[in-house]
Structure formats: C-alpha cells, structure tokens
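Trainee: The structure follows.
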Amino acid sequence: MDDNPRGTVAAVEKIDDVAVEMPAPQVSERRPLSVSGWPMLGLALLMVIAGILVLNRATETASSALAAAGILLLLVAILLLSGMMAIAPGEARVVQLLGRYLGTVRTDGLRWVVPLTQKRKISTRIRNHETGVAKVNDLDGNPIEMAAVVVWQVEDTAKAVFEVDDFVEFVSIQTETAVRHIAGSYPYDSHDSGQLSLRDNADEITGRLSAEISARVASAGVKVIESRITRLSYAPEIAQAMLRRQQAGAVVAARRQIVEGAVGMVEAALHRLDAADVVDLDDERKATMVSNLLVVLCGDRDVQPVVNTGSLYQ
C-alpha cells in the first residue's frame, strides 16, 4: 500500500459521545522486496573466496587488472552481506533507504533486502502495560483512586515507527489519559437503577475503556487486545465517610426487607386467625397484636416478654 498523501483529514473516533480526535496516519505498513538470505549468503561467500584467489594471483603476476578485479569482487560481497538480516519469531524489521520507507519484513529466519538500507527492529509480541494509581474525581466529584492494565500489540509497524516518536511511551500516556477520562465520566456508586457506575458495572466500563484506548492509540499502529481495571477505591481522605455511607445504605436496605417480611407475616397471622375463628379480635386488639408482632419481628435484639394477667382494657 502506498503512503497516504499529506494533509489527510484527521481521524475522529466517537466514544461515549466524546470525540477522540487523532491525526490521520501518513504511512501504512507494506512488504518490501526481500528474499531468503541463504542463497545470497552463499553467493557472497563465493565472491569473497574468488576475490581472495584473484588477489593472490594478481600478487604473483603483478597484474593491476587482476588486483582491481579482486578488490571489486570483495566490495560486491561486502555489499551483498550488508543486505543480510536475521529475524526472530515475534519480531519485524522496518527497512529504510536514504530515509525513505521501503517496507516491513515479518518473515522470520535469514532474509536479504536491498543493500545499504537501515533496518530497525520492532517487537510484535503481546505486551502488558499497567498504569500508575490515578487520583481523580468521579462524576459526583468524589476523589477516587483507579488503575488499569492494558494488553496490547504492535499491529502496523510503519505507523508505530513514523507516526510517533516513541510508541511505547505514547501507549503509556494515552492509556493513563483514557483511565482518567473514564473515571471522571461515571460515578463510583450508582444512585439510579439505570445509571452505570464504576463499582457495579465493571464489564461495561472496561469495555468502554478498551474502546477509548483503542481509538487513542490506533494512529500509532497499536492494537488493544484487552484492558481491565486493577484498582478502584475511594481516596483515603473520604474512604471512612464513604464506608459509613455504604454501611448505612446496607442497613436501610436490610431493614426495608425485614419490615416487608414482617408485614407479610403479620398479615398471614391475622388472616389465619380469622379463618380458623380462634379468637374474635376487634380493631383495637388487632392494632395491639400488629404492634407487638412488628416489635418482635423487626427488633434487632431479643424481646423481653410481658405477661398481662388482667384485661386488655385495664
């Protein structure tokens, strides 16, 4: 694929209604002219041997023509050897000739390309990047601490080399930027049933985090495989207050469930007493019975029974 012309309109990715605008890449990866290096290595060795023999013959005969031919053979052999390169699995070579990008060789083994070229080694292995603990404010303004780990890989070596100065540092900075943006876009705890929160919707949040990081590093030829939040907590200065709020919310929720269960039990008891005609209860007696049952069922400690030996009305 040929280089893109300069002045291309910038690429814009849409993430959660927030535009992530990055410059459009000016170059894309392509394959250069490369062949197996073993035949070229054999040819170069033959030229070296032939050059040495010719120089020896030139010394014996004092022939300047033979000496020039021997030196020429050695120079051609050196020129051929300069095009050799060994590529390990999980690596690639970005080939440049006089500053111009020729292509990327990904085939492992001994390869040969155009001589006098610059060959830059790029790792295409899968990498991990763990961000530092970022202290930011969530959507509600509460200070929180958040960190994430990103699994990424170089997908386009040309973009990784020519579009940014240091693609490893670029991934690091853009990942931290995305983590801070995601942390400030959602509340730590959800107060509405339909609202996403960092603590309760981890899968959805990490999915959006991966999408935003991918949009930010795509211009550098990097592919994000996965991202996960590794730390999420309130900042130490408000952690105790938020813990008490969470505990209070849990107590309220538990009390609500207890009250709902107690009301159901009292209703069932009154219904069974009426159905079995065990005792005739007027409204006042029903109210007293309901009150006593609710105290027994909803209390958080043991109830001390009181035996009434008189009339209910005295």
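For the structure tokens, the naming scheme is as follows: chains receive sequential letters (A, B, ...) according to their order of presentation, residues are indexed from 1 within each chain, and ligands are indexed from 1 in presentation order.
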What's the 7 Å shell around stretch 165-181 of chain A, counting only C-alpha atoms, without same-chain residues fewer than 5 positions away, as a PyMOL selection string?
Mentor: chain A and resi 131+134+136+160+209+212-213+216-217+220
Trainee: DSSP on the backbone: what in stretch 70-250 of chain A comes out alpha helix (DSSP H), as a ChimeraX atom specification?
Mentor: /A:70-81,157-162,167-185,202-217,236-250
Trainee: Which one is closest to A:Ile78: A:Leu116, A:Val94, A:Ala148, A:Val251? Count only C-alpha atoms.
Mentor: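 Distance minimum relative to A:Ile78 lands on A:Leu116.
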Trainee: List the spatial neighbours of A:Ala88 as a short mmCIF file (atom, residue, chain, number, x, y, z; two decimals) with C-alpha atoms, in the first residue's frame - criterion: any atom at most 7 Å away, only C-alpha atoms, same-chain residues fewer than 3 positions off excluded.
Mentor:
```cif
data_model
loop_
_atom_site.label_atom_id
_atom_site.label_comp_id
_atom_site.auth_asym_id
_atom_site.auth_seq_id
_atom_site.Cartn_x
_atom_site.Cartn_y
_atom_site.Cartn_z
CA GLU A 91 9.93 -9.55 15.55
CA ASP A 108 11.45 -14.98 10.44
CA GLY A 109 14.80 -16.52 9.56
#
```
Trainee: Hey, what's within 9 Å of stretch 30-35 of chain A if we count only C-alpha atoms and toss same-chain stuff fewer than 4 positions away? As a JSON list (two decimals) with C-alpha atoms, in the first residue's frame, please?
Mentor:
```json
[["chain", "number", "residue", "atom", "x", "y", "z"],
["A", 1, "MET", "CA", 0.00, 0.00, 0.00],
["A", 2, "ASP", "CA", 1.35, 3.41, -0.94],
["A", 39, "PRO", "CA", 21.38, -18.17, -1.41],
["A", 40, "MET", "CA", 22.64, -14.59, -1.13],
["A", 95, "VAL", "CA", 13.52, -1.14, 6.20],
["A", 102, "LEU", "CA", 10.62, 0.66, 1.79],
["A", 103, "GLY", "CA", 8.54, -1.80, 3.83],
["A", 104, "THR", "CA", 8.47, -4.18, 6.77],
["A", 105, "VAL", "CA", 9.83, -7.73, 6.78],
["A", 106, "ARG", "CA", 7.93, -10.04, 9.15],
["A", 110, "LEU", "CA", 17.67, -15.23, 7.45],
["A", 111, "ARG", "CA", 16.40, -12.65, 4.93],
["A", 112, "TRP", "CA", 18.03, -10.39, 2.35],
["A", 113, "VAL", "CA", 16.85, -6.96, 1.25],
["A", 114, "VAL", "CA", 18.29, -4.11, -0.76],
["A", 158, "ALA", "CA", 5.17, 1.66, 9.94]]
```
Trainee: Distance atom CA of A:Leu45-atom CA of A:Ala77, one decimal place?
Mentor: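 One can read the atom CA of A:Leu45 to atom CA of A:Ala77 distance as 7.1 Å.
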Trainee: Quote the spacing between atom CA of A:Asp138 and atom CA of A:Ile182 in Å to one decimal place.
Mentor: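 Those two atoms sit 8.6 Å apart.
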Trainee: When you count only C-alpha atoms, which of these residues is closest to A:Leu81: A:Thr61, A:Gly42, A:Gly264, A:Gln118?
Mentor: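 Checking each candidate against A:Leu81, we get A:Gly42 as the closest.
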Trainee: Skipping near chain neighbours, those fewer than 3 positions away, what residues fall within 12 Å of A:Asn56 using only C-alpha atoms, listed as an MDAnalysis selection string?
Mentor: chainID A and resid 49:53 59:64 66:71
Trainee: Suppose we keep C-alpha atoms; can you now write the selection as an mmCIF file, in the first residue's frame?
Mentor:
```
data_model
loop_
_atom_site.group_PDB
_atom_site.id
_atom_site.type_symbol
_atom_site.label_atom_id
_atom_site.label_comp_id
_atom_site.auth_asym_id
_atom_site.auth_seq_id
_atom_site.Cartn_x
_atom_site.Cartn_y
_atom_site.Cartn_z
ATOM 1 C CA ILE A 49 36.762 -16.697 -1.937
ATOM 2 C CA ALA A 50 37.044 -15.699 -5.605
ATOM 3 C CA GLY A 51 38.280 -12.235 -4.676
ATOM 4 C CA ILE A 52 40.986 -13.639 -2.405
ATOM 5 C CA LEU A 53 42.156 -16.071 -5.106
ATOM 6 C CA THR A 59 50.295 -10.585 -6.436
ATOM 7 C CA GLU A 60 52.105 -13.429 -8.206
ATOM 8 C CA THR A 61 51.776 -11.865 -11.658
ATOM 9 C CA ALA A 62 51.956 -8.213 -10.553
ATOM 10 C CA SER A 63 48.814 -7.554 -12.613
ATOM 11 C CA SER A 64 46.917 -4.392 -11.698
ATOM 12 C CA LEU A 66 43.598 -8.730 -11.611
ATOM 13 C CA ALA A 67 44.079 -6.738 -8.406
ATOM 14 C CA ALA A 68 41.266 -4.384 -9.355
ATOM 15 C CA ALA A 69 39.014 -7.345 -10.199
ATOM 16 C CA GLY A 70 39.757 -8.996 -6.845
ATOM 17 C CA ILE A 71 39.013 -5.827 -4.926
#
```
Trainee: Could you pull out the strand (DSSP E or B) residues of stretch 45-234 of chain A from DSSP and send them as a ChimeraX atom specification?
Mentor: /A:84-87,91-97,100-105,109-112,118-123,127-130,134-137,143-154,222-234
Trainee: With only C-alpha atoms as the basis for distance, which of A:Ser28, A:Thr206, A:Thr117, A:Ser190 is at the shortest distance from A:Glu155?
Mentor: A:Ser28
Trainee: When distances are computed from only C-alpha atoms, which of A:Leu97, A:Val150, A:Ile122, A:Ala65 shows the smallest separation from A:Val224?
Mentor: A:Val150
Trainee: Using only C-alpha atoms, can you tell me which of A:Glu163, A:Glu204, A:Glu145, A:Asp282 comes closest to A:Val222?
Mentor: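 Smallest separation from A:Val222 among the options: A:Glu163.
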